[in-house]
Structure formats: C-alpha cells, structure tokens
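To be precise, the following lines are query23.json, and they hold JSON, C-alpha atoms and all ligand atoms.
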[["chain", "number", "residue", "atom", "x", "y", "z"],
["M", 1138, "MET", "CA", -31.28, -41.15, -8.34],
["M", 1139, "ARG", "CA", -28.90, -38.60, -9.86],
["M", 1140, "HIS", "CA", -31.16, -36.46, -12.04],
["M", 1141, "LEU", "CA", -34.80, -35.33, -12.07],
["M", 1142, "LEU", "CA", -35.74, -34.98, -15.72],
["M", 1143, "SER", "CA", -39.25, -36.41, -15.96],
["M", 1144, "ILE", "CA", -41.96, -37.71, -13.66],
["M", 1145, "SER", "CA", -41.70, -40.98, -15.61],
["M", 1146, "ASP", "CA", -38.28, -41.46, -13.96],
["M", 1147, "LEU", "CA", -40.04, -41.84, -10.58],
["M", 1148, "ASP", "CA", -41.93, -44.74, -9.09],
["M", 1149, "LYS", "CA", -44.64, -44.21, -6.49],
["M", 1150, "THR", "CA", -42.31, -44.81, -3.53],
["M", 1151, "GLN", "CA", -39.81, -42.25, -4.79],
["M", 1152, "ALA", "CA", -42.53, -39.68, -5.47],
["M", 1153, "LEU", "CA", -43.99, -40.16, -1.99],
["M", 1154, "SER", "CA", -40.55, -39.91, -0.43],
["M", 1155, "ILE", "CA", -40.00, -36.51, -2.11],
["M", 1156, "LEU", "CA", -43.38, -35.33, -0.76],
["M", 1157, "ASP", "CA", -42.64, -36.67, 2.74],
["M", 1158, "THR", "CA", -39.21, -35.05, 2.78],
["M", 1159, "ALA", "CA", -40.78, -31.77, 1.61],
["M", 1160, "LEU", "CA", -43.19, -31.92, 4.53],
["M", 1161, "GLU", "CA", -40.31, -32.28, 6.97],
["M", 1162, "LEU", "CA", -38.43, -29.44, 5.31],
["M", 1163, "ALA", "CA", -41.51, -27.19, 5.30],
["M", 1164, "ARG", "CA", -41.15, -27.01, 9.06],
["M", 1165, "ILE", "CA", -37.81, -25.30, 8.58],
["M", 1166, "SER", "CA", -39.39, -22.78, 6.25],
["M", 1167, "ASP", "CA", -41.77, -21.90, 9.08],
["M", 1168, "ALA", "CA", -38.96, -21.35, 11.57],
["M", 1169, "PRO", "CA", -37.47, -17.88, 12.13],
["M", 1170, "VAL", "CA", -34.03, -19.08, 10.99],
["M", 1171, "LYS", "CA", -34.64, -20.82, 7.67],
["M", 1172, "LYS", "CA", -31.29, -22.51, 7.15],
["M", 1173, "LEU", "CA", -29.88, -26.02, 7.19],
["M", 1174, "PRO", "CA", -26.16, -26.73, 6.69],
["M", 1175, "THR", "CA", -26.82, -29.77, 4.47],
["M", 1176, "LEU", "CA", -25.45, -28.48, 1.15],
["M", 1177, "ARG", "CA", -22.73, -26.21, 2.49],
["M", 1178, "GLY", "CA", -19.89, -25.94, -0.02],
["M", 1179, "ARG", "CA", -21.99, -27.25, -2.91],
["M", 1180, "THR", "CA", -22.52, -25.16, -6.03],
["M", 1181, "ILE", "CA", -25.90, -25.07, -7.72],
["M", 1182, "VAL", "CA", -26.42, -23.31, -11.04],
["M", 1183, "ASN", "CA", -29.77, -21.96, -12.18],
["M", 1184, "LEU", "CA", -29.48, -22.12, -15.98],
["M", 1185, "PHE", "CA", -32.53, -20.36, -17.38],
["M", 1186, "TYR", "CA", -32.96, -19.96, -21.13],
["M", 1187, "GLU", "CA", -36.63, -18.99, -20.79],
["M", 1188, "ASP", "CA", -38.26, -16.35, -18.65],
["M", 1189, "SER", "CA", -39.30, -17.37, -15.19],
["M", 1190, "THR", "CA", -40.24, -15.69, -11.96],
["M", 1191, "ARG", "CA", -41.41, -18.20, -9.45],
["M", 1192, "THR", "CA", -39.53, -21.30, -10.54],
["M", 1193, "ARG", "CA", -36.16, -19.58, -10.61],
["M", 1194, "ILE", "CA", -36.50, -17.76, -7.31],
["M", 1195, "SER", "CA", -38.04, -20.82, -5.74],
["M", 1196, "PHE", "CA", -35.04, -22.98, -6.66],
["M", 1197, "GLU", "CA", -32.74, -20.21, -5.48],
["M", 1198, "ALA", "CA", -34.51, -19.94, -2.12],
["M", 1199, "ALA", "CA", -34.49, -23.74, -1.77],
["M", 1200, "ALA", "CA", -30.76, -24.01, -2.49],
["M", 1201, "LYS", "CA", -29.93, -21.15, -0.11],
["M", 1202, "ARG", "CA", -32.02, -22.61, 2.71],
["M", 1203, "LEU", "CA", -29.83, -25.71, 2.36],
["M", 1204, "SER", "CA", -26.70, -23.46, 2.48],
["M", 1205, "ALA", "CA", -25.57, -24.16, -1.10],
["M", 1206, "ASP", "CA", -23.83, -21.52, -3.21],
["M", 1207, "VAL", "CA", -26.12, -20.45, -6.02],
["M", 1208, "ILE", "CA", -25.10, -19.08, -9.39],
["M", 1209, "ASN", "CA", -27.88, -17.58, -11.45],
["M", 1210, "PHE", "CA", -27.23, -17.81, -15.14],
["M", 1211, "SER", "CA", -29.86, -16.32, -17.37],
["M", 1212, "ALA", "CA", -29.40, -16.59, -21.09],
["M", 1213, "LYS", "CA", -30.27, -12.96, -21.63],
["M", 1214, "GLY", "CA", -27.18, -10.81, -21.13],
["M", 1215, "SER", "CA", -24.84, -13.82, -21.26],
["M", 1216, "SER", "CA", -22.75, -15.18, -24.14],
["M", 1217, "VAL", "CA", -25.77, -17.27, -25.11],
["M", 1218, "SER", "CA", -27.13, -14.16, -26.80],
["M", 1219, "LYS", "CA", -23.83, -14.13, -28.74],
["M", 1220, "GLY", "CA", -24.70, -17.60, -30.04],
["M", 1221, "GLU", "CA", -22.88, -19.79, -27.53],
["M", 1222, "SER", "CA", -24.08, -23.39, -27.70],
["M", 1223, "LEU", "CA", -25.50, -25.38, -24.81],
["M", 1224, "LYS", "CA", -22.37, -27.56, -24.99],
["M", 1225, "ASP", "CA", -20.01, -24.62, -24.48],
["M", 1226, "THR", "CA", -22.15, -23.27, -21.65],
["M", 1227, "ALA", "CA", -22.22, -26.73, -20.06],
["M", 1228, "GLN", "CA", -18.43, -26.97, -20.23],
["M", 1229, "THR", "CA", -18.13, -23.59, -18.53],
["M", 1230, "LEU", "CA", -20.45, -24.69, -15.73],
["M", 1231, "GLN", "CA", -18.49, -27.90, -15.30],
["M", 1232, "ALA", "CA", -15.26, -25.90, -15.08],
["M", 1233, "MET", "CA", -16.84, -23.92, -12.26],
["M", 1234, "GLY", "CA", -17.55, -27.12, -10.38],
["M", 1235, "ALA", "CA", -21.34, -27.13, -10.54],
["M", 1236, "ASP", "CA", -22.76, -29.94, -8.40],
["M", 1237, "ALA", "CA", -26.21, -29.45, -9.87],
["M", 1238, "VAL", "CA", -27.60, -27.65, -12.88],
["M", 1239, "ILE", "CA", -31.22, -26.60, -12.85],
["M", 1240, "ILE", "CA", -32.20, -25.98, -16.44],
["M", 1241, "ARG", "CA", -35.17, -24.33, -18.13],
["M", 1242, "HIS", "CA", -35.09, -24.39, -21.90],
["M", 1243, "SER", "CA", -37.53, -23.83, -24.75],
["M", 1244, "ALA", "CA", -36.43, -27.08, -26.41],
["M", 1245, "SER", "CA", -38.16, -30.23, -25.15],
["M", 1246, "GLY", "CA", -35.42, -32.70, -24.23],
["M", 1247, "ALA", "CA", -32.67, -30.15, -23.47],
["M", 1248, "PRO", "CA", -32.29, -31.34, -19.82],
["M", 1249, "ARG", "CA", -32.04, -34.98, -20.95],
["M", 1250, "TRP", "CA", -29.41, -34.00, -23.49],
["M", 1251, "LEU", "CA", -27.40, -32.24, -20.80],
["M", 1252, "ALA", "CA", -27.72, -35.17, -18.39],
["M", 1253, "ASP", "CA", -26.63, -37.68, -21.03],
["M", 1254, "SER", "CA", -23.72, -35.53, -22.20],
["M", 1255, "GLU", "CA", -20.20, -36.00, -20.97],
["M", 1256, "TRP", "CA", -19.92, -32.29, -20.26],
["M", 1257, "ILE", "CA", -21.70, -32.27, -16.94],
["M", 1258, "SER", "CA", -20.83, -34.61, -14.09],
["M", 1259, "GLY", "CA", -23.32, -33.26, -11.53],
["M", 1260, "SER", "CA", -27.09, -33.64, -11.22],
["M", 1261, "VAL", "CA", -29.45, -32.15, -13.76],
["M", 1262, "ILE", "CA", -32.91, -30.96, -12.73],
["M", 1263, "ASN", "CA", -35.54, -30.11, -15.31],
["M", 1264, "ALA", "CA", -37.18, -26.76, -14.48],
["M", 1265, "GLY", "CA", -39.37, -26.86, -17.60],
["M", 1266, "ASP", "CA", -38.39, -27.95, -21.12],
["M", 1267, "GLY", "CA", -40.48, -26.69, -24.02],
["M", 1268, "THR", "CA", -43.91, -28.28, -23.95],
["M", 1269, "HIS", "CA", -42.51, -31.50, -22.47],
["M", 1270, "GLU", "CA", -42.27, -31.60, -18.66],
["M", 1271, "HIS", "CA", -41.95, -29.59, -15.48],
["M", 1272, "PRO", "CA", -41.54, -32.25, -12.79],
["M", 1273, "THR", "CA", -41.00, -30.03, -9.74],
["M", 1274, "GLN", "CA", -44.18, -28.09, -10.55],
["M", 1275, "ALA", "CA", -46.16, -31.35, -10.57],
["M", 1276, "LEU", "CA", -44.53, -32.36, -7.28],
["M", 1277, "LEU", "CA", -45.47, -29.07, -5.63],
["M", 1278, "ASP", "CA", -49.00, -29.38, -6.98],
["M", 1279, "ALA", "CA", -49.33, -32.92, -5.61],
["M", 1280, "PHE", "CA", -47.88, -31.71, -2.30],
["M", 1281, "THR", "CA", -50.49, -28.93, -2.14],
["M", 1282, "ILE", "CA", -53.36, -31.27, -3.01],
["M", 1283, "ARG", "CA", -52.18, -33.82, -0.48],
["M", 1284, "LYS", "CA", -51.99, -31.19, 2.23],
["M", 1285, "HIS", "CA", -55.59, -30.14, 1.67],
["M", 1286, "LEU", "CA", -57.27, -33.34, 0.58],
["M", 1287, "GLY", "CA", -54.87, -36.27, 0.98],
["M", 1288, "SER", "CA", -55.89, -39.65, 2.33],
["M", 1289, "SER", "CA", -54.46, -41.28, 5.44],
["M", 1290, "THR", "CA", -52.38, -43.55, 3.21],
["M", 1291, "GLY", "CA", -50.51, -40.48, 1.97],
["M", 1292, "ASP", "CA", -51.42, -40.82, -1.69],
["M", 1293, "LEU", "CA", -54.19, -39.23, -3.77],
["M", 1294, "GLN", "CA", -56.43, -42.29, -4.09],
["M", 1295, "GLY", "CA", -60.09, -41.41, -4.52],
["M", 1296, "LEU", "CA", -59.51, -37.81, -5.63],
["M", 1297, "HIS", "CA", -60.64, -36.43, -8.98],
["M", 1298, "ILE", "CA", -58.46, -33.62, -10.34],
["M", 1299, "GLY", "CA", -59.37, -31.48, -13.36],
["M", 1300, "ILE", "CA", -56.67, -29.82, -15.48],
["M", 1301, "VAL", "CA", -58.30, -27.13, -17.56],
["M", 1302, "GLY", "CA", -57.28, -25.13, -20.61],
["M", 1303, "ASP", "CA", -54.16, -25.01, -22.76],
["M", 1304, "ILE", "CA", -53.06, -28.63, -22.36],
["M", 1305, "LEU", "CA", -51.35, -28.58, -25.76],
["M", 1306, "HIS", "CA", -48.58, -26.21, -24.74],
["M", 1307, "SER", "CA", -48.40, -27.20, -21.09],
["M", 1308, "ARG", "CA", -45.44, -29.05, -19.62],
["M", 1309, "VAL", "CA", -47.22, -28.60, -16.27],
["M", 1310, "ALA", "CA", -50.16, -30.67, -17.53],
["M", 1311, "ARG", "CA", -47.92, -33.45, -18.85],
["M", 1312, "SER", "CA", -45.99, -33.81, -15.60],
["M", 1313, "ASN", "CA", -49.16, -33.57, -13.54],
["M", 1314, "VAL", "CA", -51.05, -36.23, -15.48],
["M", 1315, "LEU", "CA", -48.17, -38.64, -14.89],
["M", 1316, "LEU", "CA", -47.69, -37.82, -11.22],
["M", 1317, "LEU", "CA", -51.32, -37.50, -10.12],
["M", 1318, "SER", "CA", -52.22, -40.79, -11.78],
["M", 1319, "LEU", "CA", -49.12, -42.44, -10.27],
["M", 1320, "LEU", "CA", -50.39, -41.32, -6.86],
["M", 1321, "GLY", "CA", -53.81, -42.85, -7.50],
["M", 1322, "ALA", "CA", -55.91, -39.82, -8.48],
["M", 1323, "GLN", "CA", -58.34, -39.76, -11.37],
["M", 1324, "VAL", "CA", -57.42, -36.98, -13.80],
["M", 1325, "SER", "CA", -59.74, -35.21, -16.25],
["M", 1326, "LEU", "CA", -58.37, -32.95, -18.96],
["M", 1327, "ILE", "CA", -60.87, -30.26, -19.91],
["M", 1328, "ALA", "CA", -60.09, -28.21, -23.03],
["M", 1329, "PRO", "CA", -61.25, -27.33, -26.50],
["M", 1330, "PRO", "CA", -60.16, -30.02, -29.01],
["M", 1331, "THR", "CA", -57.71, -27.52, -30.58],
["M", 1332, "LEU", "CA", -55.77, -27.24, -27.32],
["M", 1333, "LEU", "CA", -55.30, -30.97, -26.79],
["M", 1334, "PRO", "CA", -52.15, -32.65, -28.14],
["M", 1335, "VAL", "CA", -52.12, -35.46, -30.66],
["M", 1336, "GLY", "CA", -52.06, -38.80, -28.83],
["M", 1337, "VAL", "CA", -53.71, -37.46, -25.67],
["M", 1338, "GLU", "CA", -56.06, -40.49, -25.71],
["M", 1339, "SER", "CA", -53.14, -42.63, -24.56],
["M", 1340, "TRP", "CA", -52.46, -40.46, -21.48],
["M", 1341, "PRO", "CA", -53.75, -41.81, -18.14],
["M", 1342, "ALA", "CA", -56.60, -39.26, -18.07],
["M", 1343, "LYS", "CA", -60.19, -38.76, -19.20],
["M", 1344, "ILE", "CA", -60.94, -36.04, -21.74],
["M", 1345, "SER", "CA", -63.86, -33.65, -21.70],
["M", 1346, "TYR", "CA", -64.86, -30.63, -23.75],
["M", 1347, "ASP", "CA", -67.61, -29.69, -21.30],
["M", 1348, "PHE", "CA", -66.29, -27.92, -18.18],
["M", 1349, "ASP", "CA", -69.67, -27.50, -16.48],
["M", 1350, "SER", "CA", -70.53, -31.19, -16.55],
["M", 1351, "VAL", "CA", -67.23, -32.28, -14.93],
["M", 1352, "LEU", "CA", -66.74, -29.38, -12.51],
["M", 1353, "PRO", "CA", -69.18, -30.53, -9.77],
["M", 1354, "HIS", "CA", -67.24, -33.81, -9.46],
["M", 1355, "LEU", "CA", -63.77, -32.32, -9.06],
["M", 1356, "ASP", "CA", -61.79, -32.13, -5.81],
["M", 1357, "ALA", "CA", -59.19, -29.79, -7.30],
["M", 1358, "VAL", "CA", -59.52, -27.53, -10.32],
["M", 1359, "MET", "CA", -56.14, -26.75, -11.88],
["M", 1360, "MET", "CA", -56.42, -23.86, -14.32],
["M", 1361, "LEU", "CA", -53.67, -23.48, -16.93],
["M", 1362, "ARG", "CA", -52.33, -20.32, -18.51],
["M", 1363, "VAL", "CA", -53.22, -19.77, -22.15],
["M", 1364, "GLN", "CA", -49.65, -19.73, -23.54],
["M", 1365, "GLN", "CA", -49.98, -17.06, -26.18],
["M", 1366, "GLU", "CA", -46.22, -16.89, -26.74],
["M", 1367, "ARG", "CA", -46.25, -20.49, -28.05],
["M", 1368, "MET", "CA", -49.25, -19.93, -30.32],
["M", 1369, "GLN", "CA", -48.46, -19.16, -33.93],
["M", 1370, "ASP", "CA", -51.97, -20.12, -35.08],
["M", 1371, "LEU", "CA", -55.43, -19.30, -33.90],
["M", 1372, "PHE", "CA", -56.55, -21.92, -31.40],
["M", 1373, "PHE", "CA", -59.86, -20.35, -30.37],
["M", 1374, "PRO", "CA", -62.06, -17.69, -31.97],
["M", 1375, "THR", "CA", -61.86, -14.93, -29.34],
["M", 1376, "ALA", "CA", -60.63, -14.49, -25.78],
["M", 1377, "ARG", "CA", -64.24, -13.85, -24.77],
["M", 1378, "GLU", "CA", -65.40, -17.13, -26.18],
["M", 1379, "TYR", "CA", -62.51, -18.97, -24.52],
["M", 1380, "SER", "CA", -63.42, -17.49, -21.12],
["M", 1381, "HIS", "CA", -67.07, -18.30, -21.69],
["M", 1382, "PHE", "CA", -66.46, -22.01, -22.22],
["M", 1383, "PHE", "CA", -63.23, -22.71, -20.31],
["M", 1384, "GLY", "CA", -62.66, -19.84, -17.89],
["M", 1385, "LEU", "CA", -63.20, -20.13, -14.16],
["M", 1386, "ASN", "CA", -65.61, -17.45, -12.95],
["M", 1387, "ARG", "CA", -68.10, -16.80, -10.17],
["M", 1388, "ASP", "CA", -70.91, -18.88, -11.72],
["M", 1389, "ARG", "CA", -68.65, -21.85, -12.24],
["M", 1390, "MET", "CA", -67.14, -21.52, -8.77],
["M", 1391, "ALA", "CA", -70.70, -21.98, -7.44],
["M", 1392, "LEU", "CA", -70.83, -25.40, -9.14],
["M", 1393, "MET", "CA", -67.76, -26.67, -7.29],
["M", 1394, "LYS", "CA", -67.85, -29.06, -4.34],
["M", 1395, "LYS", "CA", -67.62, -27.25, -1.01],
["M", 1396, "SER", "CA", -64.24, -28.80, -0.25],
["M", 1397, "ALA", "CA", -62.75, -28.34, -3.73],
["M", 1398, "ILE", "CA", -59.66, -26.16, -4.22],
["M", 1399, "ILE", "CA", -58.62, -23.83, -7.04],
["M", 1400, "MET", "CA", -55.05, -24.07, -8.38],
["M", 1401, "HIS", "CA", -52.95, -22.32, -11.02],
["M", 1402, "PRO", "CA", -49.19, -22.73, -11.62],
["M", 1403, "GLY", "CA", -48.81, -19.06, -12.51],
["M", 1404, "PRO", "CA", -48.31, -16.70, -14.18],
["M", 1405, "MET", "CA", -52.05, -16.06, -14.51],
["M", 1406, "ASN", "CA", -53.89, -14.27, -17.27],
["M", 1407, "ARG", "CA", -56.47, -12.76, -14.94],
["M", 1408, "GLY", "CA", -59.70, -12.28, -16.84],
["M", 1409, "LEU", "CA", -58.88, -14.92, -19.45],
["M", 1410, "GLU", "CA", -58.61, -18.40, -17.90],
["M", 1411, "ILE", "CA", -59.54, -17.25, -14.39],
["M", 1412, "THR", "CA", -61.28, -14.20, -12.96],
["M", 1413, "ALA", "CA", -59.61, -12.20, -10.18],
["M", 1414, "GLU", "CA", -62.52, -13.11, -7.92],
["M", 1415, "CYS", "CA", -61.76, -16.84, -8.23],
["M", 1416, "ALA", "CA", -57.98, -16.40, -8.07],
["M", 1417, "ASP", "CA", -58.26, -14.42, -4.84],
["M", 1418, "SER", "CA", -61.10, -16.41, -3.28],
["M", 1419, "ALA", "CA", -60.87, -18.37, -0.04],
["M", 1420, "ARG", "CA", -60.78, -21.65, -1.94],
["M", 1421, "SER", "CA", -57.80, -20.61, -4.04],
["M", 1422, "VAL", "CA", -54.47, -22.17, -2.99],
["M", 1423, "ILE", "CA", -52.47, -20.39, -5.67],
["M", 1424, "VAL", "CA", -50.22, -18.40, -3.32],
["M", 1425, "GLU", "CA", -49.70, -21.48, -1.17],
["M", 1426, "GLN", "CA", -48.52, -23.41, -4.25],
["M", 1427, "VAL", "CA", -45.65, -20.93, -4.54],
["M", 1428, "ALA", "CA", -44.66, -21.37, -0.89],
["M", 1429, "ASN", "CA", -44.88, -25.15, -1.20],
["M", 1430, "GLY", "CA", -42.62, -24.95, -4.24],
["M", 1431, "VAL", "CA", -39.68, -24.00, -2.04],
["M", 1432, "SER", "CA", -40.15, -26.99, 0.30],
["M", 1433, "VAL", "CA", -40.55, -29.41, -2.59],
["M", 1434, "ARG", "CA", -37.46, -28.09, -4.37],
["M", 1435, "MET", "CA", -35.49, -28.29, -1.13],
["M", 1436, "ALA", "CA", -36.54, -31.94, -0.92],
["M", 1437, "VAL", "CA", -35.44, -32.64, -4.49],
["M", 1438, "LEU", "CA", -32.05, -30.95, -3.98],
["M", 1439, "TYR", "CA", -31.63, -32.70, -0.66],
["M", 1440, "LEU", "CA", -32.42, -36.16, -2.02],
["M", 1441, "LEU", "CA", -30.32, -35.73, -5.17],
["M", 1442, "LEU", "CA", -27.30, -34.05, -3.61],
["M", 1443, "ALA", "CA", -27.06, -34.83, 0.08],
["M", 1444, "GLY", "CA", -26.89, -38.58, -0.55],
["M", 1445, "SER", "CA", -24.45, -40.41, 1.66],
["M", 1446, "THR", "CA", -22.84, -37.20, 2.91],
["M", 1447, "GLN", "CA", -26.06, -36.07, 4.58],
["M", 1448, "GLU", "CA", -25.64, -34.92, 8.10],
["M", 1449, "GLN", "CA", -27.15, -37.18, 10.63],
["M", 1450, "GLY", "CA", -30.27, -36.05, 12.34],
["M", 1451, "VAL", "CA", -31.03, -33.21, 9.99],
["M", 1452, "LEU", "CA", -34.46, -34.53, 9.23],
["M", 1453, "GLN", "CA", -35.29, -35.79, 12.66],
["H", 1, "LIG", "C1", -45.37, -22.72, -15.89],
["H", 1, "LIG", "C2", -44.23, -22.94, -16.84],
["H", 1, "LIG", "O1", -43.37, -22.10, -17.02],
["H", 1, "LIG", "O2", -44.21, -24.03, -17.39],
["H", 1, "LIG", "N1", -45.13, -21.77, -14.91],
["H", 1, "LIG", "C3", -44.39, -22.08, -13.81],
["H", 1, "LIG", "O3", -43.39, -22.76, -13.87],
["H", 1, "LIG", "N2", -44.85, -21.65, -12.64],
["H", 1, "LIG", "C4", -46.65, -22.54, -16.55],
["H", 1, "LIG", "C5", -46.82, -21.41, -17.49],
["H", 1, "LIG", "O4", -45.87, -20.76, -17.92],
["H", 1, "LIG", "O5", -47.97, -21.19, -17.86]]

What is this structure when it is put down as structure tokens?
Ligand code: NCD
Amino acid sequence: MRHLLSISDLDKTQALSILDTALELARISDAPVKKLPTLRGRTIVNLFYEDSTRTRISFEAAAKRLSADVINFSAKGSSVSKGESLKDTAQTLQAMGADAVIIRHSASGAPRWLADSEWISGSVINAGDGTHEHPTQALLDAFTIRKHLGSSTGDLQGLHIGIVGDILHSRVARSNVLLLSLLGAQVSLIAPPTLLPVGVESWPAKISYDFDSVLPHLDAVMMLRVQQERMQDLFFPTAREYSHFFGLNRDRMALMKKSAIIMHPGPMNRGLEITAECADSARSVIVEQVANGVSVRMAVLYLLLAGSTQEQGVLQ
C-alpha cells in the first residue's frame, strides 16, 4: 500500500493490521522517551488547506515520534493565498524531496488527484477532503471503540454504533460507516432528514430520525459537529430545536447502556450537539480519541513508509 486515501482502499486484514500496529506503537507513547528511529531522514509534509487543530498536530507528533523531519505547510500565509495551484505546490513539495504528503483540502477528491498526478512520487495521506472522507479519524475511532468494547477476535462484531447529527457534511461519518461495517459492527445513522445525504440508503447502515428509540441499544454514541461553515441553507429551524431532538444531554445519557461510550471527533459545539456535562462525563472518551489519534497515525506512517527498510525488532 502506498497511499491512504479512502477506507474503501482497505480490506479487513489491512484495517486490523493498522489497529494492531497502533496498539504496539501506543506503548511507545506511554514511555518517557517517545521516539523511534524508524523514519529518520524521511521528510513528511503536512499540507493543510483547511483549518485544523487536532489532526495537524496529531500527524506532526506521530511523524516526530518516528524521527521524521516534518514540514508544516498551511495554505494561509503561503503562495496559495496568491493563487498558486495545487499542481505548483505539489511540484515544490516534490522538489523538496517529500516522502509523504498529508493533505487536508476543502475539495472532495483532492488527495486522490494528488496521488494520481505525476507531480508527487511519495505517499499521499488523506487528512480530510471536503465532505468525502477522513480515513485516519475513522481508524482512531475504531481503535478507541476496540480498546473499550472490542471482542476477543479483535474486530467489532456484535457492537452497535450510532453516528448522530450532521451526516450530510461529515467526512468522518462516511469513513466511519465504511470502516465500522468492515470490522463487523452494526451502524445506525441518526439525523434529521435534511442532514442526510442523497443516496444514504445504499450505505451499509440503518437510518433513524428518532434518537431516543435507538439510544438504549447503542454501545458507542458518536456525536458529530454541526458544520455551520458548510451550510449555505437552513437545515433545521433553530439551534434549540436541533439540540432538543438530536443533542446529547443529561436525560439522554440516562437512556444509554451502562457500558456505552460517548465519542466526538472534535471540535465540539458545546451546548449544540452535546452538553458540557456529557462531553466531560466519565463515559466520554473524547480526550482519549485525541491521544489514540497519534498512535494510529504513527501506525499509518510506519506501514506506508517504513516498508522494507524498517529496522528489525522495532515492533517487538
Ligand atoms: C473533523 C473534520 O475536520 O473533518 N474534525 C477532525 O478532524 N477532528 C470533524 C469536524 O470538523 O467536525
């Protein structure tokens, strides 16, 4: 595997091997010295055309823990704001000898375009493209679910995961539906009809408009951010009404199974899709998702880049 562009590029064995590798690498993140020499001398570029906090710093931390050199390129303040095309930027990165380009872009398909182009010879990793996919987020979510609720076979068989809210604009939802179902979980999408994409019936997931009826059956409740910046139209009458029907609050938390966990990819709109009380509760794994993101991204970089040059024994 050279690139990670979409969860649909992975089969179950590959997905599980990323999660297993991440588990091994997580041990290093717990050690006082958090470094492995594996990617020494390799150059990794973080090419971010859209705002990001956790994904960018998570990839940066992952690359540095594997001893790679990291170049952070954010479109703001670069020649991109002078109108430079993705092609010209790609050629510049190639000239600098980038071994991997981690790209976030508002256009769905931009990472695929870069990977298919002749301008980049290294690996391309999709860090979120438009409303399309965000594969490493889904992998870190699956990793987190597996850690808390996984079966002895290592997959997510028998679990029921709810993804709640702004499915329409969510690349996190798309990647998660593909990955969680690949790993054997049952997925329910819970949203108002206006926030579900056309063609959602063909996704490997059940659809519900009634949060309260599904909630007691869920093992993990994944709340999504209402993506106001992608909304040109009115998708729900008022924020208050949205929270009333689709927000996670104290009353709803009381309906959850005892063992069920609360997730959110961040950034959260506290008070809209989730109350502070739920986000900060003992059953919330939201902060842990961020920590797991580093291990999962280390695993992806390791598996894509270390290849045959990997140092023996590193993962033993
Ligand atoms: C998500 C994203 O950017 O797609 N955030 C993230 O990567 N942690 C979700 C979001 O912005 O709502």

Report, as lines of an AutoDock Vina configuration file, the axis-aligned box around all atoms of ligand LIG 1 (chain H) present in the file, extended by 3 Å on each side; give centre and edge lengths in Å to one decimal place.
center_x = -45.7
center_y = -22.4
center_z = -15.3
size_x = 10.6
size_y = 9.3
size_z = 11.3

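When all atoms listed in the file are used to measure the gap to ligand LIG 1 (chain H), the shortest distance among M:Ala1443, M:Val1431, M:Ala1264, M:Val1437 belongs to M:Ala1264.
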
Could you check how far CA of Ala1198 in chain M sits from CA of Arg1420 in chain M, in Å to one decimal?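 Spanning CA of Ala1198 in chain M to CA of Arg1420 in chain M is a straight-line distance of 26.3 Å.
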
Spatial neighbours of Pro1402 in chain M, max dist 8 Å, all atoms listed in the file, sep filter under 3 positions, as a PyMOL selection string: chain M and resi 1274+1309+1360-1362+1405+1423+1426

One number please: CA of His1271 in chain M to CA of Met1368 in chain M, in Å, one decimal.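 Taking CA of His1271 in chain M and CA of Met1368 in chain M, their separation equals 19.2 Å.
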
Set the distance at 9 Å and use only C-alpha atoms: which residues neighbour Leu1315 in chain M once local chain neighbours fewer than 5 positions away are removed? I'd like the list as an NGL selection string. :M and (1144-1145 or 1275 or 1310 or 1320 or 1340-1341)

Any idea what the distance is between CA of Arg1191 in chain M and atom O3 of ligand LIG 1 (chain H)? 6.7 Å

List every protein, DNA or RNA residue with an atom no more than 8 Å from (-34.6, -24.3, 2.2) in the file's coordinates, counting only C-alpha atoms, and format the result as a short mmCIF file (atom, residue, chain, number, x, y, z; two decimals) with C-alpha atoms, keeping the file's coordinate frame.
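out.cif was written with the following content:
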data_model
loop_
_atom_site.label_atom_id
_atom_site.label_comp_id
_atom_site.auth_asym_id
_atom_site.auth_seq_id
_atom_site.Cartn_x
_atom_site.Cartn_y
_atom_site.Cartn_z
CA LEU M 1162 -38.43 -29.44 5.31
CA ILE M 1165 -37.81 -25.30 8.58
CA SER M 1166 -39.39 -22.78 6.25
CA LYS M 1171 -34.64 -20.82 7.67
CA LYS M 1172 -31.29 -22.51 7.15
CA LEU M 1173 -29.88 -26.02 7.19
CA ALA M 1198 -34.51 -19.94 -2.12
CA ALA M 1199 -34.49 -23.74 -1.77
CA ALA M 1200 -30.76 -24.01 -2.49
CA LYS M 1201 -29.93 -21.15 -0.11
CA ARG M 1202 -32.02 -22.61 2.71
CA LEU M 1203 -29.83 -25.71 2.36
CA SER M 1204 -26.70 -23.46 2.48
CA VAL M 1431 -39.68 -24.00 -2.04
CA SER M 1432 -40.15 -26.99 0.30
CA MET M 1435 -35.49 -28.29 -1.13
#
